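See structure below.
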2 protein chains.
Amino acid sequence: MILAIDVGGTKMAAGLVAPDGAVITSRRAATPQNADAETLWRTLTTLIDPLSARAEGVGVGCGGPMTWPDGEVSPLNIPGWRGFPLRARLAGRFPGLPVRLHNDAICLAIAEHWQGAGRGSADMLGMVVSTGVGGGLILGGRLVNGGTGNAGHIGHVVVEPDGGPRCGCGGHGCLEAVARGPALTTWALTHGWTPSAGPEPLAASEGGAASEGGAAYREDRAVTGRALAADARAGDPVAVLAMRRAGRALGIAIASATHLCDLDLVTIGGGLSQAGDPLFGPLEEALRDHARMGFARRVKVVPAALGQEAGLVGAAALLLAGGAYWPSTRD
Amino acid sequence: MILAIDVGGTKMAAGLVAPDGAVITSRRAATPQNADAETLWRTLTTLIDPLSARAEGVGVGCGGPMTWPDGEVSPLNIPGWRGFPLRARLAGRFPGLPVRLHNDAICLAIAEHWQGAGRGSADMLGMVVSTGVGGGLILGGRLVNGGTGNAGHIGHVVVEPDGGPRCGCGGHGCLEAVARGPALTTWALTHGWTPSAGPEPLAASEGGAASEGGAAYREDRAVTGRALAADARAGDPVAVLAMRRAGRALGIAIASATHLCDLDLVTIGGGLSQAGDPLFGPLEEALRDHARMGFARRVKVVPAALGQEAGLVGAAALLLAGGAYWPSTRD
C-alpha cells in the first residue's frame, strides 16, 4: 500500500492507494493560509500519521516550482514553503521507505495515463487548465522529466507572440497568460459578464498548484474559471466568448506540442474542462487548423476521466507503475 | 564498419563509418531529377556497391515523409519515390545485416548529439534551417521517436497564429513557413534585396530534405537562403531584416520547445545558420524574451558543429550508439 500525498495551496490530501490504483481511504485538510513552514509541516503530518502504519512507500504531488528529484518545494500558492525540503523531511519520517515527489500537474497527467483517459496511449500530454495551465508529458509510455524535472510546461508555450498578455513567468503571450481561469474571468468581467447565482462551484475537486484557490477567489466563489465554464455551458454569451478565447489558445498550443512530440492523445482536466462544447469546440477548430502534418491529424483531445482523487492516484503511481513514471537513477 | 547512406533531393551520399564515428571513406552522386523509382534505386546501388564488402550494418537518413520504422519513403523532393520500400529493398540487398532508416533531419540531430555540438547534453533539440526547418529531439539521452517516428517537427510549431504565412503542411504561421530559406529569399526579394555576386554558395554542403535544392534554385544559385545569410553577414540591410525575421521566429519556437521539453541545448545547422550574428542575435533576443521560467533560462543555442558528412555520421549512429537512437523493439 502506498501513502499518497497531494499538497496544494487550498488543501492537502492524503490516502492509501492499492497496487491496482484503487484509493482505499483518503483524508483532507485545508492548507493553513499565511502559515510558516513548520505549521504547514505539522498540518501535513497530522493528516498523514493515521495512515502511515500500512505504508510501504510514499508518493507525493506538490505545487511547483521545486527542485527535482531532490524535492525542495517552493509552491507558488504556499508562501510559507520556500525551498522546503519536503522529500527529505518525509524520508526522515519514514525511514527505510522509498519517497518520491513530483509536480502536482505531472501527477495528474500520470494518473490519467495510468488509470484514466490516457490508458493505452504511448505518447500523450496530460493537461490541467484551472488557475494555472500545467501538464505532464508521456512519450514512449514513460514520463518525460527533462533535465530538471520540468518537462510538460505546456502553459508556457507561446500562443500570442505579438502583444499577447504578460504572463506570471515574466514572458508574454504564453498559453497560461491567455487561458488560466483568473485571466479569463478578468477578461469576461471586463466584457460585461455577470456571474450567475447558480449552484456553488465544486472548488474542492481541483488539485494543487493548478487549483482554483487563493483568498481573493474564496471570498466570492462565483468569480472562478469553473463558474465561467458553467455559465458558458448555460449559454451566457460573454462566457462563451471567453471559452472561445481559451479554446483557441489551447488548440494552437496543442498543435505545436503534437508536431514537436508526435502525440496521439491530450487529456484536459481542471475547472475549465467542465465547459464542454464551448471550450472543446473552438479548441478542435484551432487544433485542426494548425495540426496539419499527416501524423499530427491523428491526435485526439479528451476530457480527463479521473475525479478529485486523481492527484493521489498519480502520486502513488510514482512508486506503483514499475518505473514508467520514475527513473531508477533518481532514487 | 557501418555503411551509411544519406538520401536527399539534390544528392545521394554513402560512406563507411567506423565505430567511433569517423567517416573512413565517402562518395556522392547527384540525385537524378524527374527519375522513376527504379532509376533512383539504380543510382543508389551504383553508389553503395563499392562500399558494401566491409559493411556490418546499414544506416540510412532519407528525406521525409516516411513510414517509420518500416522505412517506406516518400521524400518531398524526390517525386519518383512515393511509398518506396527503401528499408526493405536494402534489407533484401544485404541479407543478414541490420538495416535502420530514419528522417534525415533526425539523423543530423543524432550526429550533433553523438559527435558534434550536442555531446554530453541529455536533453536537446537538433535543428536544421534550410529549404525546410526540421529537427530531432533527444530527451534523457535518447532519441524521441513519438508514435510514428515524427517527433522533432519543430518546423511546424506555431509562431504566427494570426495571419501568419501559409505553410506547405496546409497550416499557417508555422516556423517553417516563416523561416525556411525560400520564404526568406522571397520576402527579401519583395523588399528590394539584390543578391550579391559574391562567391558561389557551397550548395553541396547541405543535406537531404532540408537541403537547398530543387531545379528552381540550381538555375540561379545566388537566390538561396545561404546566399541571403552571407549577404546579411556582409551587412546588406534587407538581408539583415530577413535574418531578423527568421531569428525572431526561431527564438519563439525554441522558447516553446524548451518550456515543453525542459531542454538544455539547441543546435542549429543548415544554410541559414551560416548567417552568424544577424540570425543568432534576434534569435537570442526573442528566446530570452519568451523563455522566462527559471528552468528554461539555462537553454543554450549553438551552431551545429559537424560539416557535410553529418548526415552519414547520424545514419551510422542508428546502429553504432548502443541503442540510444534506435529502440530495440523496432528492428
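In the C-alpha cells, the first chain shown is A, the next is B, and so on; residue numbers restart at 1 for each chain, and ligands run from 1 in the order shown.
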Fit target chain A, mobile chain B, all Cα in order, as a short mmCIF file (atom, residue, chain, number, x, y, z; two decimals) with C-alpha atoms, in the first residue's frame:
data_model
loop_
_atom_site.label_atom_id
_atom_site.label_comp_id
_atom_site.auth_asym_id
_atom_site.auth_seq_id
_atom_site.Cartn_x
_atom_site.Cartn_y
_atom_site.Cartn_z
CA MET B 1 0.00 0.01 0.02
CA ILE B 2 1.32 3.45 -0.92
CA LEU B 3 0.81 6.53 1.20
CA ALA B 4 -0.10 9.14 -1.40
CA ILE B 5 0.02 12.85 -0.64
CA ASP B 6 -1.30 15.78 -2.68
CA VAL B 7 -0.23 19.23 -1.50
CA GLY B 8 -1.88 22.32 -2.94
CA GLY B 9 -2.48 25.94 -1.97
CA THR B 10 -6.08 25.32 -0.91
CA LYS B 11 -5.98 21.84 0.55
CA MET B 12 -3.76 18.95 1.43
CA ALA B 13 -4.95 15.41 0.77
CA ALA B 14 -3.56 12.02 1.73
CA GLY B 15 -4.68 8.48 1.06
CA LEU B 16 -3.71 4.87 0.86
CA VAL B 17 -3.54 3.54 -2.67
CA ALA B 18 -3.53 -0.15 -3.53
CA PRO B 19 -1.20 -1.60 -6.18
CA ASP B 20 -4.04 -1.58 -8.71
CA GLY B 21 -4.54 2.17 -8.24
CA ALA B 22 -7.64 1.99 -6.05
CA VAL B 23 -7.79 4.68 -3.37
CA ILE B 24 -8.65 2.67 -0.25
CA THR B 25 -9.07 5.60 2.07
CA SER B 26 -8.35 9.32 1.95
CA ARG B 27 -8.43 12.39 4.15
CA ARG B 28 -8.03 16.07 3.50
CA ALA B 29 -7.33 19.30 5.38
CA ALA B 30 -7.36 22.96 4.46
CA THR B 31 -3.89 24.33 3.78
CA PRO B 32 -3.25 26.91 6.52
CA GLN B 33 -3.07 30.34 4.92
CA ASN B 34 -0.19 32.67 5.75
CA ALA B 35 1.36 29.91 7.85
CA ASP B 36 5.06 29.39 8.46
CA ALA B 37 6.95 26.36 7.25
CA GLU B 38 6.64 24.28 10.44
CA THR B 39 2.93 25.01 10.85
CA LEU B 40 2.39 23.72 7.33
CA TRP B 41 4.49 20.66 8.08
CA ARG B 42 2.48 19.95 11.25
CA THR B 43 -0.77 20.16 9.30
CA LEU B 44 0.62 17.65 6.85
CA THR B 45 1.92 15.22 9.47
CA THR B 46 -1.38 15.37 11.38
CA LEU B 47 -3.09 14.46 8.13
CA ILE B 48 -0.83 11.55 7.20
CA ASP B 49 0.02 10.01 10.57
CA PRO B 50 -3.22 7.98 10.88
CA LEU B 51 -2.45 6.39 7.49
CA SER B 52 1.20 5.65 7.97
CA ALA B 53 1.12 2.24 9.66
CA ARG B 54 0.31 0.40 6.43
CA ALA B 55 2.52 2.44 4.12
CA GLU B 56 5.19 0.61 2.11
CA GLY B 57 6.22 3.73 0.23
CA VAL B 58 5.34 7.41 -0.05
CA GLY B 59 4.37 9.24 -3.24
CA VAL B 60 3.82 12.99 -3.28
CA GLY B 61 2.43 15.51 -5.72
CA CYS B 62 3.09 19.11 -4.79
CA GLY B 63 2.63 22.49 -6.42
CA GLY B 64 5.71 23.83 -8.18
CA PRO B 65 8.25 25.09 -8.62
CA MET B 66 10.55 22.61 -6.94
CA THR B 67 13.96 21.11 -7.37
CA TRP B 68 13.64 17.65 -8.79
CA PRO B 69 14.34 14.89 -7.85
CA ASP B 70 15.53 16.41 -4.55
CA GLY B 71 12.03 17.67 -3.80
CA GLU B 72 12.78 21.02 -2.23
CA VAL B 73 9.47 22.73 -2.84
CA SER B 74 8.50 26.39 -3.24
CA PRO B 75 4.83 26.18 -4.24
CA LEU B 76 3.58 29.43 -5.77
CA ASN B 77 0.42 29.29 -3.65
CA ILE B 78 2.12 28.29 -0.37
CA PRO B 79 4.38 31.23 0.50
CA GLY B 80 5.43 29.63 3.80
CA TRP B 81 7.37 26.96 1.94
CA ARG B 82 10.32 28.33 0.03
CA GLY B 83 12.96 25.73 -0.63
CA PHE B 84 11.25 23.47 1.92
CA PRO B 85 12.91 20.02 1.84
CA LEU B 86 9.66 18.09 1.65
CA ARG B 87 11.09 14.91 0.18
CA ALA B 88 13.90 14.81 2.75
CA ARG B 89 11.54 15.56 5.66
CA LEU B 90 9.22 12.73 4.61
CA ALA B 91 12.17 10.39 4.13
CA GLY B 92 13.21 11.25 7.69
CA ARG B 93 9.74 10.48 9.00
CA PHE B 94 9.50 7.17 7.14
CA PRO B 95 12.94 5.63 7.48
CA GLY B 96 13.53 2.76 5.10
CA LEU B 97 10.60 3.61 2.85
CA PRO B 98 11.05 4.97 -0.67
CA VAL B 99 9.75 8.53 -0.99
CA ARG B 100 9.16 10.04 -4.44
CA LEU B 101 7.85 13.50 -5.19
CA HIS B 102 6.86 15.32 -8.35
CA ASN B 103 4.96 18.36 -9.60
CA ASP B 104 1.21 18.05 -9.01
CA ALA B 105 0.35 18.72 -12.64
CA ILE B 106 2.68 15.89 -13.61
CA CYS B 107 0.98 13.59 -11.09
CA LEU B 108 -2.39 14.37 -12.68
CA ALA B 109 -0.99 13.51 -16.12
CA ILE B 110 0.47 10.27 -14.75
CA ALA B 111 -2.87 9.39 -13.17
CA GLU B 112 -4.70 9.85 -16.47
CA HIS B 113 -2.12 7.75 -18.28
CA TRP B 114 -2.07 4.99 -15.69
CA GLN B 115 -5.77 4.74 -14.81
CA GLY B 116 -7.73 7.38 -16.70
CA ALA B 117 -8.45 8.70 -20.16
CA GLY B 118 -4.89 8.04 -21.31
CA ARG B 119 -4.76 4.29 -20.69
CA GLY B 120 -3.05 2.58 -23.58
CA SER B 121 -1.64 5.75 -25.10
CA ALA B 122 2.11 5.66 -25.70
CA ASP B 123 2.57 9.36 -26.41
CA MET B 124 0.34 11.77 -24.56
CA LEU B 125 0.21 15.14 -22.88
CA GLY B 126 -1.93 15.34 -19.75
CA MET B 127 -3.08 18.92 -19.15
CA VAL B 128 -4.74 20.80 -16.30
CA VAL B 129 -6.48 24.08 -17.10
CA SER B 130 -7.48 25.87 -13.97
CA THR B 131 -5.85 28.71 -12.00
CA GLY B 132 -2.74 27.77 -13.91
CA VAL B 133 -2.19 25.73 -17.04
CA GLY B 134 0.12 22.79 -16.47
CA GLY B 135 0.88 19.40 -17.82
CA GLY B 136 2.92 16.26 -17.97
CA LEU B 137 4.42 14.61 -21.01
CA ILE B 138 4.49 10.87 -21.55
CA LEU B 139 6.45 9.63 -24.57
CA GLY B 140 7.11 6.03 -25.46
CA GLY B 141 4.99 5.06 -22.46
CA ARG B 142 7.27 6.76 -19.97
CA LEU B 143 7.15 10.08 -18.17
CA VAL B 144 9.49 12.67 -19.67
CA ASN B 145 11.24 14.62 -16.94
CA GLY B 146 13.65 16.78 -18.89
CA GLY B 147 16.87 17.96 -17.37
CA THR B 148 15.33 19.47 -14.24
CA GLY B 149 12.05 17.59 -13.91
CA ASN B 150 10.18 20.42 -15.62
CA ALA B 151 9.14 18.87 -18.91
CA GLY B 152 5.43 19.27 -19.58
CA HIS B 153 5.17 23.02 -19.07
CA ILE B 154 2.65 23.44 -21.88
CA GLY B 155 1.34 26.54 -20.10
CA HIS B 156 4.37 28.44 -21.31
CA VAL B 157 4.19 27.49 -24.94
CA VAL B 158 3.77 30.76 -26.85
CA VAL B 159 0.36 31.28 -28.47
CA GLU B 160 0.24 35.09 -28.89
CA PRO B 161 3.77 36.23 -29.65
CA ASP B 162 2.71 39.72 -30.72
CA GLY B 163 1.27 41.76 -27.90
CA GLY B 164 -0.05 38.76 -25.98
CA PRO B 165 -0.81 39.29 -22.30
CA ARG B 166 2.02 39.35 -19.76
CA CYS B 167 2.49 36.05 -18.00
CA GLY B 168 3.37 35.30 -14.39
CA CYS B 169 6.60 33.74 -15.66
CA GLY B 170 7.81 37.13 -16.88
CA GLY B 171 7.21 36.37 -20.53
CA HIS B 172 4.20 37.25 -22.63
CA GLY B 173 1.76 35.49 -24.89
CA CYS B 174 2.09 32.17 -23.05
CA LEU B 175 -0.88 29.81 -23.16
CA GLU B 176 -1.28 30.23 -19.41
CA ALA B 177 -1.45 34.03 -19.67
CA VAL B 178 -4.42 33.68 -22.01
CA ALA B 179 -6.25 30.60 -20.75
CA ARG B 180 -5.83 30.42 -16.99
CA GLY B 181 -9.08 30.83 -15.07
CA PRO B 182 -8.28 34.21 -13.48
CA ALA B 183 -7.21 35.67 -16.83
CA LEU B 184 -10.45 34.51 -18.39
CA THR B 185 -12.69 35.71 -15.56
CA THR B 186 -10.98 39.12 -15.65
CA TRP B 187 -11.45 39.22 -19.40
CA ALA B 188 -15.11 38.20 -19.03
CA LEU B 189 -15.84 40.72 -16.27
CA THR B 190 -14.27 43.45 -18.40
CA HIS B 191 -16.55 42.45 -21.23
CA GLY B 192 -19.70 42.52 -19.14
CA TRP B 193 -19.97 39.04 -17.64
CA THR B 194 -22.18 38.86 -14.55
CA PRO B 195 -21.54 35.57 -12.80
CA SER B 196 -24.78 33.66 -12.44
CA ALA B 197 -26.02 32.78 -8.96
CA GLY B 198 -26.16 29.09 -9.89
CA PRO B 199 -25.07 26.24 -7.62
CA GLU B 200 -21.84 26.64 -5.69
CA PRO B 201 -18.88 25.52 -7.71
CA LEU B 202 -17.20 22.40 -6.38
CA ALA B 203 -14.00 24.15 -5.39
CA ALA B 204 -12.57 21.14 -3.59
CA SER B 205 -12.45 19.01 -6.70
CA GLU B 206 -9.46 20.80 -8.18
CA GLY B 207 -5.95 19.95 -7.22
CA GLY B 208 -2.73 21.56 -6.18
CA ALA B 209 -0.90 24.38 -7.91
CA ALA B 210 -3.33 24.20 -10.73
CA SER B 211 -6.27 24.52 -8.32
CA GLU B 212 -8.68 27.35 -8.02
CA GLY B 213 -7.67 28.85 -4.76
CA GLY B 214 -6.18 31.88 -3.14
CA ALA B 215 -8.07 34.11 -0.75
CA ALA B 216 -9.36 36.46 -3.41
CA TYR B 217 -11.36 33.73 -5.05
CA ARG B 218 -12.66 32.02 -1.95
CA GLU B 219 -14.38 35.23 -0.81
CA ASP B 220 -16.60 35.19 -3.88
CA ARG B 221 -16.58 31.73 -5.26
CA ALA B 222 -18.69 32.56 -8.27
CA VAL B 223 -15.84 34.50 -9.92
CA THR B 224 -13.88 31.40 -10.90
CA GLY B 225 -12.97 29.72 -14.12
CA ARG B 226 -15.25 26.90 -13.09
CA ALA B 227 -18.19 29.29 -12.69
CA LEU B 228 -17.35 30.89 -16.01
CA ALA B 229 -17.25 27.46 -17.61
CA ALA B 230 -20.66 26.63 -16.13
CA ASP B 231 -22.10 29.91 -17.43
CA ALA B 232 -20.67 29.22 -20.88
CA ARG B 233 -22.26 25.81 -20.83
CA ALA B 234 -25.57 27.50 -19.93
CA GLY B 235 -25.22 29.83 -22.92
CA ASP B 236 -24.07 33.12 -21.38
CA PRO B 237 -22.71 34.95 -24.45
CA VAL B 238 -19.71 36.62 -22.81
CA ALA B 239 -18.77 33.39 -21.05
CA VAL B 240 -19.02 31.63 -24.41
CA LEU B 241 -16.63 34.18 -25.93
CA ALA B 242 -14.21 33.72 -23.04
CA MET B 243 -14.23 29.95 -23.57
CA ARG B 244 -13.66 30.51 -27.27
CA ARG B 245 -10.61 32.60 -26.38
CA ALA B 246 -9.27 29.84 -24.14
CA GLY B 247 -10.13 27.07 -26.58
CA ARG B 248 -8.36 28.76 -29.45
CA ALA B 249 -5.20 29.27 -27.39
CA LEU B 250 -5.32 25.65 -26.23
CA GLY B 251 -5.75 24.40 -29.78
CA ILE B 252 -2.72 26.33 -31.03
CA ALA B 253 -0.51 25.12 -28.18
CA ILE B 254 -1.67 21.52 -28.61
CA ALA B 255 -0.93 21.68 -32.35
CA SER B 256 2.62 22.85 -31.60
CA ALA B 257 3.13 20.15 -28.97
CA THR B 258 1.74 17.48 -31.29
CA HIS B 259 4.10 18.43 -34.12
CA LEU B 260 7.08 18.54 -31.79
CA CYS B 261 6.36 15.34 -29.84
CA ASP B 262 4.25 13.26 -32.26
CA LEU B 263 1.46 12.82 -29.71
CA ASP B 264 -1.54 10.58 -30.08
CA LEU B 265 -3.57 11.94 -27.17
CA VAL B 266 -4.09 15.01 -25.01
CA THR B 267 -6.22 14.88 -21.87
CA ILE B 268 -7.58 18.06 -20.30
CA GLY B 269 -8.66 18.31 -16.68
CA GLY B 270 -9.21 21.16 -14.24
CA GLY B 271 -12.09 23.54 -13.74
CA LEU B 272 -12.23 24.92 -17.24
CA SER B 273 -12.57 21.48 -18.79
CA GLN B 274 -16.08 21.41 -17.30
CA ALA B 275 -17.17 23.88 -19.98
CA GLY B 276 -17.76 21.15 -22.54
CA ASP B 277 -18.52 22.22 -26.09
CA PRO B 278 -17.98 25.96 -25.59
CA LEU B 279 -14.34 25.14 -24.79
CA PHE B 280 -13.71 21.98 -26.79
CA GLY B 281 -15.42 23.23 -29.97
CA PRO B 282 -13.10 26.22 -30.55
CA LEU B 283 -10.19 24.12 -29.32
CA GLU B 284 -10.82 21.49 -31.99
CA GLU B 285 -11.25 24.16 -34.64
CA ALA B 286 -7.90 25.81 -33.88
CA LEU B 287 -6.17 22.45 -33.46
CA ARG B 288 -7.35 21.10 -36.81
CA ASP B 289 -6.48 24.41 -38.44
CA HIS B 290 -2.87 24.14 -37.26
CA ALA B 291 -2.12 20.42 -36.81
CA ARG B 292 -1.92 19.60 -40.50
CA MET B 293 1.02 17.26 -40.93
CA GLY B 294 -0.30 13.78 -41.72
CA PHE B 295 0.97 12.26 -38.49
CA ALA B 296 -0.49 15.08 -36.39
CA ARG B 297 -4.03 14.64 -37.60
CA ARG B 298 -4.45 11.52 -35.51
CA VAL B 299 -4.15 13.37 -32.19
CA LYS B 300 -7.25 13.22 -30.02
CA VAL B 301 -8.17 15.68 -27.27
CA VAL B 302 -10.41 14.33 -24.52
CA PRO B 303 -11.50 15.46 -21.06
CA ALA B 304 -9.65 13.92 -18.14
CA ALA B 305 -11.51 10.92 -16.76
CA LEU B 306 -10.48 10.84 -13.11
CA GLY B 307 -12.07 12.93 -10.40
CA GLN B 308 -10.77 14.64 -7.33
CA GLU B 309 -8.57 11.75 -6.23
CA ALA B 310 -6.50 11.84 -9.43
CA GLY B 311 -3.68 13.64 -7.61
CA LEU B 312 -3.39 10.80 -5.09
CA VAL B 313 -3.52 8.14 -7.81
CA GLY B 314 -0.73 9.87 -9.75
CA ALA B 315 1.43 10.34 -6.67
CA ALA B 316 1.08 6.64 -5.85
CA ALA B 317 1.94 5.74 -9.44
CA LEU B 318 5.39 7.24 -8.95
CA LEU B 319 6.04 4.02 -7.00
CA LEU B 320 3.48 1.55 -8.28
CA ALA B 321 3.89 1.64 -12.04
CA GLY B 322 7.08 -0.33 -12.48
CA GLY B 323 9.33 2.62 -13.16
CA ALA B 324 7.31 4.06 -16.03
CA TYR B 325 6.98 7.35 -14.17
CA TRP B 326 10.20 7.45 -12.18
CA PRO B 327 13.71 6.84 -13.46
CA SER B 328 15.57 4.23 -11.44
CA THR B 329 18.59 6.53 -11.39
CA ARG B 330 16.78 9.17 -9.34
CA ASP B 331 16.02 7.39 -6.06
#
Point to revise | Which of stretch 137-211 of chain A fall in helix (DSSP H, G or I), as a ChimeraX atom specification | key: /A:154-156,175-179,181-190,203-205,208-210
For N, CA and C atoms, I'd like the residues from the last selection saved as a PDB file, in the first residue's frame.
ATOM      1  N   ILE A 154       3.404  22.996 -20.711  1.00  0.00           N
ATOM      2  CA  ILE A 154       2.634  23.451 -21.871  1.00  0.00           C
ATOM      3  C   ILE A 154       2.061  24.852 -21.648  1.00  0.00           C
ATOM      4  N   GLY A 155       1.873  25.228 -20.402  1.00  0.00           N
ATOM      5  CA  GLY A 155       1.317  26.551 -20.102  1.00  0.00           C
ATOM      6  C   GLY A 155       2.204  27.689 -20.579  1.00  0.00           C
ATOM      7  N   HIS A 156       3.469  27.386 -20.878  1.00  0.00           N
ATOM      8  CA  HIS A 156       4.369  28.452 -21.309  1.00  0.00           C
ATOM      9  C   HIS A 156       4.838  28.259 -22.740  1.00  0.00           C
ATOM     10  N   LEU A 175       0.437  30.421 -23.285  1.00  0.00           N
ATOM     11  CA  LEU A 175      -0.891  29.825 -23.158  1.00  0.00           C
ATOM     12  C   LEU A 175      -1.518  30.151 -21.810  1.00  0.00           C
ATOM     13  N   GLU A 176      -0.739  30.011 -20.741  1.00  0.00           N
ATOM     14  CA  GLU A 176      -1.288  30.241 -19.401  1.00  0.00           C
ATOM     15  C   GLU A 176      -1.779  31.671 -19.221  1.00  0.00           C
ATOM     16  N   ALA A 177      -1.056  32.630 -19.816  1.00  0.00           N
ATOM     17  CA  ALA A 177      -1.448  34.037 -19.673  1.00  0.00           C
ATOM     18  C   ALA A 177      -2.809  34.296 -20.310  1.00  0.00           C
ATOM     19  N   VAL A 178      -3.148  33.515 -21.338  1.00  0.00           N
ATOM     20  CA  VAL A 178      -4.429  33.685 -22.023  1.00  0.00           C
ATOM     21  C   VAL A 178      -5.525  32.850 -21.363  1.00  0.00           C
ATOM     22  N   ALA A 179      -5.215  31.593 -21.033  1.00  0.00           N
ATOM     23  CA  ALA A 179      -6.268  30.607 -20.756  1.00  0.00           C
ATOM     24  C   ALA A 179      -6.442  30.241 -19.289  1.00  0.00           C
ATOM     25  N   GLY A 181      -7.777  30.399 -15.551  1.00  0.00           N
ATOM     26  CA  GLY A 181      -9.080  30.856 -15.086  1.00  0.00           C
ATOM     27  C   GLY A 181      -9.141  32.326 -14.724  1.00  0.00           C
ATOM     28  N   PRO A 182      -8.225  32.810 -13.870  1.00  0.00           N
ATOM     29  CA  PRO A 182      -8.315  34.224 -13.477  1.00  0.00           C
ATOM     30  C   PRO A 182      -8.173  35.182 -14.657  1.00  0.00           C
ATOM     31  N   ALA A 183      -7.341  34.814 -15.659  1.00  0.00           N
ATOM     32  CA  ALA A 183      -7.223  35.680 -16.842  1.00  0.00           C
ATOM     33  C   ALA A 183      -8.551  35.719 -17.590  1.00  0.00           C
ATOM     34  N   LEU A 184      -9.208  34.577 -17.654  1.00  0.00           N
ATOM     35  CA  LEU A 184     -10.476  34.520 -18.387  1.00  0.00           C
ATOM     36  C   LEU A 184     -11.603  35.221 -17.639  1.00  0.00           C
ATOM     37  N   THR A 185     -11.645  35.047 -16.326  1.00  0.00           N
ATOM     38  CA  THR A 185     -12.714  35.724 -15.579  1.00  0.00           C
ATOM     39  C   THR A 185     -12.519  37.234 -15.632  1.00  0.00           C
ATOM     40  N   THR A 186     -11.261  37.692 -15.540  1.00  0.00           N
ATOM     41  CA  THR A 186     -10.999  39.127 -15.674  1.00  0.00           C
ATOM     42  C   THR A 186     -11.450  39.621 -17.042  1.00  0.00           C
ATOM     43  N   TRP A 187     -11.075  38.857 -18.069  1.00  0.00           N
ATOM     44  CA  TRP A 187     -11.474  39.225 -19.433  1.00  0.00           C
ATOM     45  C   TRP A 187     -13.001  39.283 -19.535  1.00  0.00           C
ATOM     46  N   ALA A 188     -13.668  38.279 -18.959  1.00  0.00           N
ATOM     47  CA  ALA A 188     -15.124  38.203 -19.068  1.00  0.00           C
ATOM     48  C   ALA A 188     -15.794  39.343 -18.299  1.00  0.00           C
ATOM     49  N   LEU A 189     -15.288  39.633 -17.094  1.00  0.00           N
ATOM     50  CA  LEU A 189     -15.868  40.732 -16.314  1.00  0.00           C
ATOM     51  C   LEU A 189     -15.719  42.051 -17.077  1.00  0.00           C
ATOM     52  N   THR A 190     -14.534  42.247 -17.660  1.00  0.00           N
ATOM     53  CA  THR A 190     -14.290  43.459 -18.446  1.00  0.00           C
ATOM     54  C   THR A 190     -15.270  43.571 -19.603  1.00  0.00           C
ATOM     55  N   ALA A 203     -15.302  23.663  -5.582  1.00  0.00           N
ATOM     56  CA  ALA A 203     -13.913  24.124  -5.500  1.00  0.00           C
ATOM     57  C   ALA A 203     -12.961  23.009  -5.085  1.00  0.00           C
ATOM     58  N   ALA A 204     -13.425  22.102  -4.252  1.00  0.00           N
ATOM     59  CA  ALA A 204     -12.508  21.100  -3.702  1.00  0.00           C
ATOM     60  C   ALA A 204     -12.080  20.054  -4.716  1.00  0.00           C
ATOM     61  N   SER A 205     -12.714  20.027  -5.866  1.00  0.00           N
ATOM     62  CA  SER A 205     -12.366  18.962  -6.797  1.00  0.00           C
ATOM     63  C   SER A 205     -11.222  19.331  -7.726  1.00  0.00           C
ATOM     64  N   GLY A 208      -4.069  21.005  -6.244  1.00  0.00           N
ATOM     65  CA  GLY A 208      -2.723  21.511  -6.158  1.00  0.00           C
ATOM     66  C   GLY A 208      -2.493  22.871  -6.781  1.00  0.00           C
ATOM     67  N   ALA A 209      -1.317  23.046  -7.360  1.00  0.00           N
ATOM     68  CA  ALA A 209      -0.905  24.339  -7.880  1.00  0.00           C
ATOM     69  C   ALA A 209      -1.856  24.806  -8.955  1.00  0.00           C
ATOM     70  N   ALA A 210      -2.464  23.836  -9.642  1.00  0.00           N
ATOM     71  CA  ALA A 210      -3.360  24.205 -10.722  1.00  0.00           C
ATOM     72  C   ALA A 210      -4.770  24.457 -10.190  1.00  0.00           C
TER      73      ALA A 210
END
